[in-house]
file run_14.txt (compact mmCIF, C-alpha atoms)
# COMPACT_ATOMS: atom_id res chain seq x y z
CA MET A 223 6.64 -32.56 -39.37
CA ILE A 224 5.91 -31.58 -35.78
CA LYS A 225 6.68 -27.87 -35.77
CA PHE A 226 8.52 -26.29 -32.89
CA LEU A 227 5.79 -23.64 -32.91
CA ASP A 228 2.93 -23.60 -35.43
CA LEU A 229 1.93 -19.93 -35.43
CA GLU A 230 -0.59 -20.39 -38.22
CA LYS A 231 -2.44 -22.95 -36.13
CA VAL A 232 -2.09 -20.85 -32.97
CA ASN A 233 -3.66 -17.79 -34.55
CA ASN A 234 -6.27 -19.47 -36.72
CA ARG A 235 -8.19 -20.29 -33.53
CA PHE A 236 -8.98 -16.58 -33.22
CA ARG A 237 -9.35 -15.76 -36.92
CA LYS A 238 -13.04 -14.81 -36.83
CA GLU A 239 -12.64 -12.52 -33.81
CA ILE A 240 -9.49 -10.94 -35.23
CA ASP A 241 -11.14 -10.32 -38.61
CA GLU A 242 -14.11 -8.63 -36.93
CA ARG A 243 -11.95 -6.42 -34.70
CA ILE A 244 -9.65 -5.36 -37.56
CA LYS A 245 -12.66 -4.57 -39.74
CA HIS A 246 -13.94 -2.33 -36.96
CA ILE A 247 -10.59 -0.51 -36.82
CA LEU A 248 -10.61 -0.04 -40.60
CA ASP A 249 -14.20 1.20 -40.48
CA ILE A 250 -13.48 3.91 -37.90
CA GLY A 251 -10.06 4.77 -39.32
CA TRP A 252 -8.18 5.19 -36.03
CA TYR A 253 -4.88 3.32 -35.91
CA LEU A 254 -2.88 4.59 -32.92
CA GLN A 255 -3.68 5.41 -29.29
CA GLY A 256 -7.37 4.71 -29.69
CA GLU A 257 -10.01 2.59 -28.00
CA GLU A 258 -8.32 -0.76 -28.74
CA ASP A 259 -5.08 0.33 -27.11
CA LYS A 260 -6.88 1.72 -24.06
CA LYS A 261 -8.96 -1.44 -23.67
CA PHE A 262 -5.98 -3.77 -23.89
CA GLU A 263 -3.93 -1.64 -21.49
CA ALA A 264 -6.75 -1.70 -18.95
CA ASP A 265 -7.37 -5.43 -19.36
CA PHE A 266 -3.70 -6.41 -19.15
CA ALA A 267 -3.11 -4.16 -16.14
CA LYS A 268 -6.03 -5.87 -14.39
CA TYR A 269 -4.71 -9.29 -15.41
CA CYS A 270 -1.27 -8.56 -13.95
CA GLY A 271 -2.75 -6.89 -10.88
CA VAL A 272 -1.10 -3.50 -11.44
CA LYS A 273 -2.29 0.09 -11.78
CA HIS A 274 -0.67 0.87 -15.11
CA CYS A 275 0.02 -0.77 -18.45
CA ILE A 276 1.62 1.30 -21.22
CA GLY A 277 1.66 -0.28 -24.68
CA VAL A 278 4.95 0.18 -26.56
CA ALA A 279 6.49 -1.01 -29.80
CA ASN A 280 8.37 -4.07 -28.51
CA GLY A 281 9.86 -5.73 -25.46
CA LEU A 282 13.31 -4.20 -25.82
CA ASP A 283 11.77 -0.74 -25.87
CA ALA A 284 9.78 -1.61 -22.75
CA LEU A 285 12.94 -2.34 -20.77
CA ASN A 286 14.75 0.60 -22.32
CA LEU A 287 11.95 2.98 -21.36
CA ILE A 288 11.83 1.74 -17.76
CA ILE A 289 15.55 2.36 -17.31
CA ARG A 290 15.32 5.74 -18.98
CA GLY A 291 12.19 6.60 -17.01
CA TYR A 292 14.04 6.05 -13.76
CA GLY A 293 16.83 8.33 -14.98
CA PHE A 294 19.57 5.72 -14.82
CA GLY A 295 22.57 6.45 -17.05
CA THR A 296 26.34 6.67 -17.36
CA GLY A 297 28.12 5.42 -14.26
CA ASP A 298 25.11 3.50 -12.98
CA GLU A 299 25.18 -0.28 -12.67
CA ILE A 300 22.29 -2.68 -13.16
CA ILE A 301 22.58 -6.30 -12.10
CA VAL A 302 21.29 -8.77 -14.70
CA PRO A 303 21.52 -12.55 -15.22
CA ALA A 304 24.38 -13.77 -17.39
CA ASN A 305 22.04 -16.45 -18.75
CA THR A 306 19.45 -14.47 -20.69
CA TYR A 307 18.49 -13.32 -24.15
CA ILE A 308 20.68 -10.39 -25.14
CA ALA A 309 17.76 -7.91 -25.15
CA SER A 310 17.84 -7.77 -21.34
CA ILE A 311 21.42 -6.53 -21.49
CA LEU A 312 21.01 -4.33 -24.57
CA ALA A 313 18.44 -2.21 -22.74
CA ILE A 314 20.96 -1.54 -19.97
CA SER A 315 23.87 -0.59 -22.22
CA GLU A 316 21.58 1.45 -24.52
CA ASN A 317 21.03 3.82 -21.59
CA GLY A 318 24.75 4.12 -20.90
CA CYS A 319 24.50 1.97 -17.78
CA THR A 320 26.89 -0.86 -16.97
CA PRO A 321 25.41 -4.39 -17.00
CA VAL A 322 26.75 -6.46 -14.11
CA LEU A 323 26.33 -10.14 -14.91
CA VAL A 324 25.34 -12.72 -12.31
CA GLU A 325 25.41 -16.47 -12.85
CA PRO A 326 22.15 -18.47 -12.83
CA ASP A 327 20.98 -21.14 -10.46
CA ASN A 328 21.88 -24.39 -12.24
CA ILE A 329 18.49 -25.88 -11.31
CA THR A 330 16.00 -23.17 -12.36
CA ARG A 331 18.41 -21.49 -14.83
CA ASN A 332 17.19 -18.13 -13.52
CA ILE A 333 19.45 -15.63 -11.74
CA ASN A 334 20.94 -17.07 -8.55
CA PRO A 335 19.69 -14.85 -5.69
CA ASP A 336 22.57 -16.01 -3.48
CA LEU A 337 25.15 -14.46 -5.83
CA ILE A 338 23.61 -11.01 -6.16
CA GLU A 339 24.72 -9.25 -2.97
CA GLU A 340 28.43 -9.68 -3.69
CA LYS A 341 27.95 -7.75 -6.97
CA ILE A 342 26.22 -4.75 -5.35
CA THR A 343 28.31 -1.55 -5.20
CA ASP A 344 27.60 2.09 -4.46
CA LYS A 345 26.93 2.46 -8.20
CA THR A 346 24.20 -0.20 -8.31
CA LYS A 347 20.77 1.23 -9.09
CA ALA A 348 18.65 -1.80 -9.93
CA ILE A 349 18.37 -5.56 -10.18
CA MET A 350 16.88 -6.84 -13.41
CA VAL A 351 15.31 -10.27 -13.05
CA VAL A 352 14.47 -12.36 -16.11
CA HIS A 353 11.74 -14.97 -15.76
CA LEU A 354 13.51 -17.21 -18.25
CA TYR A 355 11.65 -19.89 -20.23
CA GLY A 356 8.45 -18.95 -18.38
CA GLN A 357 9.46 -19.70 -14.79
CA ALA A 358 9.11 -16.85 -12.30
CA VAL A 359 12.28 -15.99 -10.43
CA GLN A 360 12.20 -16.86 -6.72
CA MET A 361 11.94 -13.30 -5.48
CA ASP A 362 12.16 -13.38 -1.66
CA LYS A 363 15.88 -12.70 -1.31
CA ILE A 364 15.79 -10.20 -4.17
CA TRP A 365 13.02 -8.25 -2.44
CA GLU A 366 15.16 -8.22 0.72
CA LEU A 367 18.24 -6.98 -1.14
CA ALA A 368 16.30 -4.27 -2.96
CA LYS A 369 14.98 -2.98 0.34
CA LYS A 370 18.36 -3.22 2.10
CA TYR A 371 20.26 -1.31 -0.60
CA ASN A 372 17.42 0.90 -1.87
CA LEU A 373 17.43 -0.64 -5.36
CA LYS A 374 14.74 -0.82 -8.02
CA ILE A 375 13.61 -4.22 -9.27
CA ILE A 376 13.01 -4.38 -13.02
CA GLU A 377 11.33 -7.50 -14.37
CA ASP A 378 11.98 -8.83 -17.84
CA SER A 379 8.70 -10.73 -18.21
CA ALA A 380 8.99 -11.32 -21.95
CA GLN A 381 8.74 -15.10 -21.57
CA ALA A 382 6.46 -15.36 -18.56
CA HIS A 383 3.00 -13.94 -19.29
CA GLY A 384 0.75 -15.25 -16.52
CA ALA A 385 3.34 -16.96 -14.31
CA ILE A 386 2.52 -16.65 -10.60
CA TYR A 387 4.82 -16.25 -7.60
CA LYS A 388 3.28 -16.22 -4.11
CA GLY A 389 -0.09 -15.11 -5.38
CA LYS A 390 1.17 -12.37 -7.70
CA ARG A 391 1.66 -12.51 -11.44
CA THR A 392 4.84 -11.55 -13.20
CA GLY A 393 4.58 -7.89 -14.10
CA ASN A 394 3.72 -7.20 -10.47
CA LEU A 395 6.77 -8.65 -8.71
CA GLY A 396 9.01 -5.58 -8.94
CA ASP A 397 8.89 -1.84 -9.42
CA ALA A 398 8.27 -2.13 -13.16
CA SER A 399 8.18 -4.84 -15.79
CA GLY A 400 8.80 -5.06 -19.51
CA PHE A 401 6.78 -7.49 -21.63
CA SER A 402 7.30 -8.56 -25.22
CA PHE A 403 4.37 -9.57 -27.41
CA TYR A 404 6.52 -11.00 -30.21
CA PRO A 405 4.39 -13.51 -32.17
CA GLY A 406 5.96 -16.58 -30.55
CA LYS A 407 5.31 -15.50 -26.96
CA ASN A 408 2.60 -17.06 -24.78
CA LEU A 409 0.66 -13.85 -25.46
CA GLY A 410 1.81 -12.82 -28.91
CA CYS A 411 0.56 -10.34 -31.48
CA LEU A 412 0.93 -10.43 -35.27
CA GLY A 413 4.15 -8.47 -35.38
CA ASP A 414 6.15 -6.57 -32.80
CA GLY A 415 4.61 -5.23 -29.62
CA GLY A 416 5.34 -4.78 -25.94
CA CYS A 417 4.28 -3.02 -22.77
CA VAL A 418 5.44 -1.66 -19.43
CA THR A 419 3.53 -2.55 -16.27
CA THR A 420 3.97 -0.75 -12.96
CA ASN A 421 2.28 0.60 -9.85
CA ASP A 422 4.50 3.70 -9.95
CA ASP A 423 2.34 6.63 -11.07
CA GLU A 424 5.29 8.89 -11.82
CA LEU A 425 7.16 6.27 -13.84
CA ALA A 426 4.02 5.37 -15.81
CA ALA A 427 3.44 8.99 -16.83
CA LYS A 428 7.07 9.44 -17.78
CA VAL A 429 7.24 6.22 -19.83
CA ARG A 430 4.03 7.08 -21.66
CA ALA A 431 5.35 10.54 -22.53
CA ILE A 432 8.86 9.45 -23.57
CA ALA A 433 7.39 6.72 -25.78
CA ASN A 434 5.23 9.32 -27.55
CA TYR A 435 7.96 11.69 -28.77
CA GLY A 436 8.43 12.98 -25.21
CA SER A 437 4.95 14.49 -25.31
CA ASP A 438 2.48 14.70 -22.45
CA ARG A 439 -0.08 16.27 -24.78
CA LYS A 440 -0.19 17.00 -28.49
CA TYR A 441 2.66 19.23 -29.71
CA HIS A 442 3.91 19.74 -26.15
CA HIS A 443 7.21 17.92 -25.61
CA ILE A 444 8.68 17.73 -22.12
CA TYR A 445 11.32 15.05 -22.86
CA LYS A 446 13.62 14.21 -25.76
CA GLY A 447 11.44 11.26 -26.54
CA VAL A 448 11.16 8.39 -28.99
CA ASN A 449 8.40 6.83 -31.06
CA SER A 450 7.44 3.55 -29.38
CA ARG A 451 3.72 2.86 -29.43
CA LEU A 452 1.52 -0.22 -29.65
CA ASP A 453 -0.76 0.17 -32.66
CA GLU A 454 -4.51 -0.44 -32.59
CA MET A 455 -4.47 -3.66 -34.62
CA GLN A 456 -1.86 -5.32 -32.44
CA ALA A 457 -3.67 -4.16 -29.29
CA ALA A 458 -6.91 -5.67 -30.61
CA VAL A 459 -5.25 -9.01 -31.37
CA LEU A 460 -3.66 -9.09 -27.91
CA ASP A 461 -6.91 -8.25 -26.17
CA ILE A 462 -8.67 -11.10 -27.95
CA LYS A 463 -5.93 -13.59 -27.09
CA LEU A 464 -5.61 -12.40 -23.48
CA GLU A 465 -9.00 -13.95 -22.75
CA TYR A 466 -7.55 -17.37 -23.62
CA LEU A 467 -4.09 -16.95 -22.04
CA ASP A 468 -4.77 -18.88 -18.83
CA LYS A 469 -6.32 -21.75 -20.78
CA ASP A 470 -3.34 -21.83 -23.14
CA ASN A 471 -0.91 -21.78 -20.22
CA ALA A 472 -2.81 -24.66 -18.62
CA ARG A 473 -2.35 -26.68 -21.80
CA ARG A 474 1.37 -25.87 -21.79
CA ARG A 475 1.55 -27.20 -18.21
CA GLU A 476 -0.19 -30.41 -19.29
CA ILE A 477 2.35 -30.94 -22.07
CA SER A 478 5.24 -30.15 -19.76
CA LYS A 479 3.96 -32.60 -17.18
CA TYR A 480 3.68 -35.35 -19.80
CA TYR A 481 7.21 -34.65 -21.03
CA ARG A 482 8.62 -34.66 -17.50
CA GLU A 483 6.80 -37.85 -16.49
CA ASN A 484 7.52 -39.84 -19.64
CA ILE A 485 10.91 -38.81 -21.03
CA LYS A 486 13.15 -41.48 -19.50
CA ASN A 487 16.31 -41.18 -21.58
CA PRO A 488 19.28 -41.07 -19.17
CA LYS A 489 21.14 -38.82 -21.61
CA ILE A 490 18.51 -36.10 -21.17
CA GLU A 491 18.30 -33.72 -18.19
CA LEU A 492 14.78 -32.41 -17.77
CA PRO A 493 13.87 -28.93 -16.46
CA LYS A 494 13.07 -28.62 -12.76
CA VAL A 495 10.01 -26.82 -11.38
CA TYR A 496 9.70 -25.46 -7.84
CA ASP A 497 5.99 -24.59 -8.24
CA GLU A 498 3.72 -25.54 -11.13
CA ASN A 499 1.89 -22.18 -10.99
CA ALA A 500 5.18 -20.30 -11.23
CA HIS A 501 5.89 -21.71 -14.69
CA VAL A 502 4.01 -21.06 -17.94
CA TRP A 503 6.39 -23.06 -20.17
CA HIS A 504 7.16 -20.55 -22.88
CA ILE A 505 10.07 -22.88 -23.58
CA PHE A 506 10.59 -26.53 -22.62
CA ALA A 507 14.37 -26.71 -22.54
CA VAL A 508 16.21 -29.96 -21.88
CA ARG A 509 19.96 -30.39 -21.50
CA THR A 510 22.24 -33.01 -22.94
CA GLU A 511 25.93 -33.45 -23.65
CA ASN A 512 24.87 -34.64 -27.11
CA ARG A 513 22.82 -31.56 -27.99
CA ASP A 514 23.76 -31.24 -31.66
CA ALA A 515 23.36 -34.95 -32.30
CA LEU A 516 19.96 -34.97 -30.58
CA GLN A 517 18.78 -32.00 -32.60
CA LYS A 518 19.79 -33.65 -35.88
CA TYR A 519 18.19 -36.93 -34.80
CA LEU A 520 14.88 -35.23 -33.94
CA GLU A 521 14.92 -33.30 -37.21
CA SER A 522 15.46 -36.54 -39.15
CA ASN A 523 12.42 -37.95 -37.35
CA GLY A 524 10.19 -35.01 -38.25
CA ILE A 525 10.49 -32.97 -35.05
CA GLN A 526 11.61 -29.34 -35.09
CA THR A 527 13.59 -27.96 -32.15
CA ASN A 528 15.34 -24.71 -31.27
CA ILE A 529 18.24 -23.59 -29.09
CA HIS A 530 17.63 -20.92 -26.43
CA TYR A 531 20.40 -19.82 -26.77
CA PRO A 532 23.49 -21.09 -28.61
CA THR A 533 25.82 -18.24 -27.53
CA PRO A 534 25.69 -16.43 -24.17
CA PRO A 535 25.67 -12.61 -24.22
CA HIS A 536 29.22 -12.29 -22.86
CA LYS A 537 30.50 -14.28 -25.85
CA GLN A 538 28.72 -12.14 -28.45
CA GLY A 539 30.65 -9.75 -30.68
CA ALA A 540 28.53 -6.88 -29.42
CA TYR A 541 30.21 -7.20 -26.01
CA LYS A 542 33.84 -7.84 -26.95
CA GLU A 543 34.89 -6.15 -23.72
CA TRP A 544 33.67 -9.29 -21.91
CA GLU A 545 35.43 -11.84 -24.11
CA ASN A 546 37.91 -12.77 -21.37
CA GLN A 547 35.27 -13.06 -18.67
CA SER A 548 34.13 -16.50 -17.57
CA TYR A 549 30.65 -17.53 -16.46
CA PRO A 550 30.98 -21.33 -16.38
CA VAL A 551 27.39 -22.16 -15.33
CA THR A 552 25.99 -19.94 -18.09
CA GLU A 553 28.40 -21.33 -20.66
CA GLU A 554 27.52 -24.92 -19.74
CA ILE A 555 23.80 -24.19 -20.12
CA HIS A 556 24.26 -22.59 -23.53
CA ARG A 557 26.43 -25.51 -24.68
CA THR A 558 23.93 -28.20 -23.70
CA ILE A 559 20.45 -26.64 -24.00
CA LEU A 560 17.80 -27.74 -26.52
CA SER A 561 14.15 -26.66 -26.70
CA LEU A 562 11.51 -29.26 -27.57
CA PRO A 563 8.19 -28.38 -29.27
CA MET A 564 5.89 -26.49 -26.89
CA SER A 565 2.66 -24.71 -27.71
CA PRO A 566 -1.02 -24.94 -26.74
CA VAL A 567 -1.92 -26.36 -30.16
CA LEU A 568 0.25 -29.47 -29.95
CA THR A 569 -1.95 -32.56 -30.09
CA ASP A 570 -1.66 -35.46 -27.65
CA ASP A 571 -0.36 -37.66 -30.49
CA GLU A 572 2.34 -35.14 -31.35
CA VAL A 573 3.42 -34.88 -27.72
CA LYS A 574 3.59 -38.67 -27.45
CA LYS A 575 5.67 -38.90 -30.62
CA VAL A 576 8.16 -36.35 -29.27
CA VAL A 577 8.56 -38.43 -26.11
CA GLU A 578 8.95 -41.69 -28.04
CA VAL A 579 11.60 -40.27 -30.35
CA VAL A 580 13.54 -38.59 -27.52
CA ASN A 581 13.49 -41.83 -25.53
CA ALA A 582 14.80 -43.76 -28.53
CA PHE A 583 17.79 -41.44 -28.97

call {"tool": "encode", "arguments": {"input": "run_14.txt", "output": "structure tokens"}}
result
Amino acid sequence: MIKFLDLEKVNNRFRKEIDERIKHILDIGWYLQGEEDKKFEADFAKYCGVKHCIGVANGLDALNLIIRGYGFGTGDEIIVPANTYIASILAISENGCTPVLVEPDNITRNINPDLIEEKITDKTKAIMVVHLYGQAVQMDKIWELAKKYNLKIIEDSAQAHGAIYKGKRTGNLGDASGFSFYPGKNLGCLGDGGCVTTNDDELAAKVRAIANYGSDRKYHHIYKGVNSRLDEMQAAVLDIKLEYLDKDNARRREISKYYRENIKNPKIELPKVYDENAHVWHIFAVRTENRDALQKYLESNGIQTNIHYPTPPHKQGAYKEWENQSYPVTEEIHRTILSLPMSPVLTDDEVKKVVEVVNAF
């Protein structure tokens, strides 16, 4: 069986280093907000090219804390792509804000910059961009709109660790960015984890305090905070794997290139790339009118796949108030999308087999 993502194989490459670092943590007996967390925060901030990285419990919390840190709440609107994982939208509604959905570009599947301005009102406070599947959003028009209307840009970079747009990495393309380090991400830990990156000194201090029970120092609480911290063991694992992230992303690009050059089945629509450096291929998502049949066929031939995502957010029970709204481009993507195996540990033979089986469908 060719696994969609073989996490055991992914992480076994770093087993010796992880064992040594965890032993060190156990030996010193410090499990939160210690040297491992500080080291990873510094290293990841440098990697992204930003002043601040604040480790938090998960990617949803990262987005939630950014919105809360900016003081956005009831009556405020935040523009967000209709075609995204629901976490992007949950963070907005969790803060009492109103998510305003915008259709994606049918080529990149990211938010369509040309459709944003018509959704801006006097209640709009921010534009949330999601670098979906690992491809950085084309930011030029969004930067212009943010400046024109005095809006914040919040990046959801959960799927795009290391992607580059015009010389800058994701995490440094807006005012603040939320990352997820869920195990399956390009940079993943061994459980839940996340971070906020920003160049905004005030926001960084506020996010760090809110995430630590609202405390700026021990037993001194200046906000009604939450408990959302990246623990020492996860920080250590992430710091080890960060050193290999660019190499892993390069391997993902190799696999993607082979898929795109060799899958010739006319029933399959391949993903489009506007710049190879802008994509880190967290997901390799094809489209086909015969999605369910293709998935069953691949499974019967020993190839695991996944669907990112079967149901768009506006069709989820959590947002019943949107059930009569229509986002046809988003709905078409969710109806036809299928993700092929993609990870840095796929062998050349496995990649070739995926291509052969897809072409034979």

call {"tool": "atom_distance", "arguments": {"input": "run_14.txt", "atom1": "atom CA of A:Asn233", "atom2": "atom CA of A:Leu464"}}
result
12.5 Å

call {"tool": "atom_distance", "arguments": {"input": "run_14.txt", "atom1": "atom CA of A:Gly393", "atom2": "atom CA of A:Lys428"}}
result
17.9 Å

call {"tool": "closest_residue", "arguments": {"input": "run_14.txt", "among": "A:Glu578, A:Asp298, A:Glu465, A:Glu511", "to": "A:Gly384", "atoms": "all atoms listed in the file"}}
result
A:Glu465

call {"tool": "atom_distance", "arguments": {"input": "run_14.txt", "atom1": "atom CA of A:Val448", "atom2": "atom CA of A:Arg430"}}
result
10.3 Å

call {"tool": "closest_residue", "arguments": {"input": "run_14.txt", "among": "A:Asn499, A:Asn546, A:Asn372, A:Asn332", "to": "A:Pro303", "atoms": "all atoms listed in the file"}}
result
A:Asn332

call {"tool": "closest_residue", "arguments": {"input": "run_14.txt", "among": "A:Ile559, A:Leu254, A:Leu467, A:Ile314", "to": "A:Val508", "atoms": "all atoms listed in the file"}}
result
A:Ile559

call {"tool": "residues_around", "arguments": {"input": "run_14.txt", "residues": "stretch 455-461 of chain A", "least_positions_apart": "2", "cutoff": "9 Å", "atoms": "all atoms listed in the file", "output": "ChimeraX atom specification"}}
result
/A:236,239-240,243-244,247,253-254,258-263,265-266,277,403,409-415,452-453,463-465

call {"tool": "residues_around", "arguments": {"input": "run_14.txt", "residues": "A:Val495", "least_positions_apart": "2", "cutoff": "9 Å", "atoms": "all atoms listed in the file", "output": "list of chain:residue names"}}
result
A:Ile329, A:Thr330, A:Gln357, A:Pro493, A:Asp497, A:Glu498, A:Ala500, A:His501

call {"tool": "write_last_selection", "arguments": {"input": "run_14.txt", "atoms": "C-alpha atoms", "output": "tab-separated table (two decimals), in the coordinates of the input"}}
result
chain	number	residue	atom	x	y	z
A	329	ILE	CA	18.49	-25.88	-11.31
A	330	THR	CA	16.00	-23.17	-12.36
A	357	GLN	CA	9.46	-19.70	-14.79
A	493	PRO	CA	13.87	-28.93	-16.46
A	497	ASP	CA	5.99	-24.59	-8.24
A	498	GLU	CA	3.72	-25.54	-11.13
A	500	ALA	CA	5.18	-20.30	-11.23
A	501	HIS	CA	5.89	-21.71	-14.69

call {"tool": "closest_residue", "arguments": {"input": "run_14.txt", "among": "A:Pro405, A:Ile276, A:Val418, A:Glu554", "to": "A:Glu230", "atoms": "all atoms listed in the file"}}
result
A:Pro405

call {"tool": "residues_around", "arguments": {"input": "run_14.txt", "residues": "stretch 318-327 of chain A", "least_positions_apart": "3", "cutoff": "7 Å", "atoms": "all atoms listed in the file", "output": "number ranges by chain"}}
result
A: 294-305, 311, 314-315, 330-334, 337-338, 549, 551-552

call {"tool": "residues_around", "arguments": {"input": "run_14.txt", "residues": "A:Ile490", "least_positions_apart": "2", "cutoff": "8 Å", "atoms": "only C-alpha atoms", "output": "JSON, numbers by chain"}}
result
{"A": [486, 487, 488, 492, 508, 509, 510]}

call {"tool": "residues_around", "arguments": {"input": "run_14.txt", "residues": "A:Ser310", "least_positions_apart": "4", "cutoff": "12 Å", "atoms": "only C-alpha atoms", "output": "PyMOL selection string"}}
result
chain A and resi 281-286+288-289+300-306+314-316+321-323+349-354+376-381+399-402+535

call {"tool": "write_last_selection", "arguments": {"input": "run_14.txt", "atoms": "C-alpha atoms", "output": "PDB file, in the frame of the given file"}}
result
ATOM      1  CA  GLY A 281       9.860  -5.730 -25.460  1.00  0.00           C
ATOM      2  CA  LEU A 282      13.310  -4.200 -25.820  1.00  0.00           C
ATOM      3  CA  ASP A 283      11.770  -0.740 -25.870  1.00  0.00           C
ATOM      4  CA  ALA A 284       9.780  -1.610 -22.750  1.00  0.00           C
ATOM      5  CA  LEU A 285      12.940  -2.340 -20.770  1.00  0.00           C
ATOM      6  CA  ASN A 286      14.750   0.600 -22.320  1.00  0.00           C
ATOM      7  CA  ILE A 288      11.830   1.740 -17.760  1.00  0.00           C
ATOM      8  CA  ILE A 289      15.550   2.360 -17.310  1.00  0.00           C
ATOM      9  CA  ILE A 300      22.290  -2.680 -13.160  1.00  0.00           C
ATOM     10  CA  ILE A 301      22.580  -6.300 -12.100  1.00  0.00           C
ATOM     11  CA  VAL A 302      21.290  -8.770 -14.700  1.00  0.00           C
ATOM     12  CA  PRO A 303      21.520 -12.550 -15.220  1.00  0.00           C
ATOM     13  CA  ALA A 304      24.380 -13.770 -17.390  1.00  0.00           C
ATOM     14  CA  ASN A 305      22.040 -16.450 -18.750  1.00  0.00           C
ATOM     15  CA  THR A 306      19.450 -14.470 -20.690  1.00  0.00           C
ATOM     16  CA  ILE A 314      20.960  -1.540 -19.970  1.00  0.00           C
ATOM     17  CA  SER A 315      23.870  -0.590 -22.220  1.00  0.00           C
ATOM     18  CA  GLU A 316      21.580   1.450 -24.520  1.00  0.00           C
ATOM     19  CA  PRO A 321      25.410  -4.390 -17.000  1.00  0.00           C
ATOM     20  CA  VAL A 322      26.750  -6.460 -14.110  1.00  0.00           C
ATOM     21  CA  LEU A 323      26.330 -10.140 -14.910  1.00  0.00           C
ATOM     22  CA  ILE A 349      18.370  -5.560 -10.180  1.00  0.00           C
ATOM     23  CA  MET A 350      16.880  -6.840 -13.410  1.00  0.00           C
ATOM     24  CA  VAL A 351      15.310 -10.270 -13.050  1.00  0.00           C
ATOM     25  CA  VAL A 352      14.470 -12.360 -16.110  1.00  0.00           C
ATOM     26  CA  HIS A 353      11.740 -14.970 -15.760  1.00  0.00           C
ATOM     27  CA  LEU A 354      13.510 -17.210 -18.250  1.00  0.00           C
ATOM     28  CA  ILE A 376      13.010  -4.380 -13.020  1.00  0.00           C
ATOM     29  CA  GLU A 377      11.330  -7.500 -14.370  1.00  0.00           C
ATOM     30  CA  ASP A 378      11.980  -8.830 -17.840  1.00  0.00           C
ATOM     31  CA  SER A 379       8.700 -10.730 -18.210  1.00  0.00           C
ATOM     32  CA  ALA A 380       8.990 -11.320 -21.950  1.00  0.00           C
ATOM     33  CA  GLN A 381       8.740 -15.100 -21.570  1.00  0.00           C
ATOM     34  CA  SER A 399       8.180  -4.840 -15.790  1.00  0.00           C
ATOM     35  CA  GLY A 400       8.800  -5.060 -19.510  1.00  0.00           C
ATOM     36  CA  PHE A 401       6.780  -7.490 -21.630  1.00  0.00           C
ATOM     37  CA  SER A 402       7.300  -8.560 -25.220  1.00  0.00           C
ATOM     38  CA  PRO A 535      25.670 -12.610 -24.220  1.00  0.00           C
TER      39      PRO A 535
END

call {"tool": "closest_residue", "arguments": {"input": "run_14.txt", "among": "A:Ala515, A:Ala313, A:Cys270, A:Ile485", "to": "A:Gly396", "atoms": "all atoms listed in the file"}}
result
A:Cys270

call {"tool": "closest_residue", "arguments": {"input": "run_14.txt", "among": "A:Ser522, A:Asp397, A:Ile477, A:Ile555", "to": "A:Met223", "atoms": "only C-alpha atoms"}}
result
A:Ser522

call {"tool": "build_atoms", "arguments": {"input": "run_14.txt", "residues": "stretch 372-382 of chain A", "atoms": "N, CA and C atoms", "output": "tab-separated table (two decimals), in the coordinates of the input"}}
result
chain	number	residue	atom	x	y	z
A	372	ASN	N	18.22	-0.12	-1.19
A	372	ASN	CA	17.42	0.90	-1.87
A	372	ASN	C	17.55	0.80	-3.40
A	373	LEU	N	17.31	-0.38	-3.93
A	373	LEU	CA	17.43	-0.64	-5.36
A	373	LEU	C	16.05	-0.85	-5.99
A	374	LYS	N	15.93	-0.50	-7.25
A	374	LYS	CA	14.74	-0.82	-8.02
A	374	LYS	C	14.83	-2.26	-8.52
A	375	ILE	N	13.68	-2.90	-8.64
A	375	ILE	CA	13.61	-4.22	-9.27
A	375	ILE	C	12.88	-4.06	-10.60
A	376	ILE	N	13.58	-4.42	-11.68
A	376	ILE	CA	13.01	-4.38	-13.02
A	376	ILE	C	12.81	-5.82	-13.48
A	377	GLU	N	11.61	-6.16	-13.85
A	377	GLU	CA	11.33	-7.50	-14.37
A	377	GLU	C	11.40	-7.52	-15.89
A	378	ASP	N	12.10	-8.49	-16.42
A	378	ASP	CA	11.98	-8.83	-17.84
A	378	ASP	C	11.02	-10.02	-17.89
A	379	SER	N	9.76	-9.71	-18.21
A	379	SER	CA	8.70	-10.73	-18.21
A	379	SER	C	8.35	-11.21	-19.61
A	380	ALA	N	9.27	-11.04	-20.55
A	380	ALA	CA	8.99	-11.32	-21.95
A	380	ALA	C	8.58	-12.76	-22.21
A	381	GLN	N	9.03	-13.69	-21.34
A	381	GLN	CA	8.74	-15.10	-21.57
A	381	GLN	C	7.76	-15.68	-20.54
A	382	ALA	N	7.17	-14.82	-19.72
A	382	ALA	CA	6.46	-15.36	-18.56
A	382	ALA	C	5.08	-14.74	-18.36
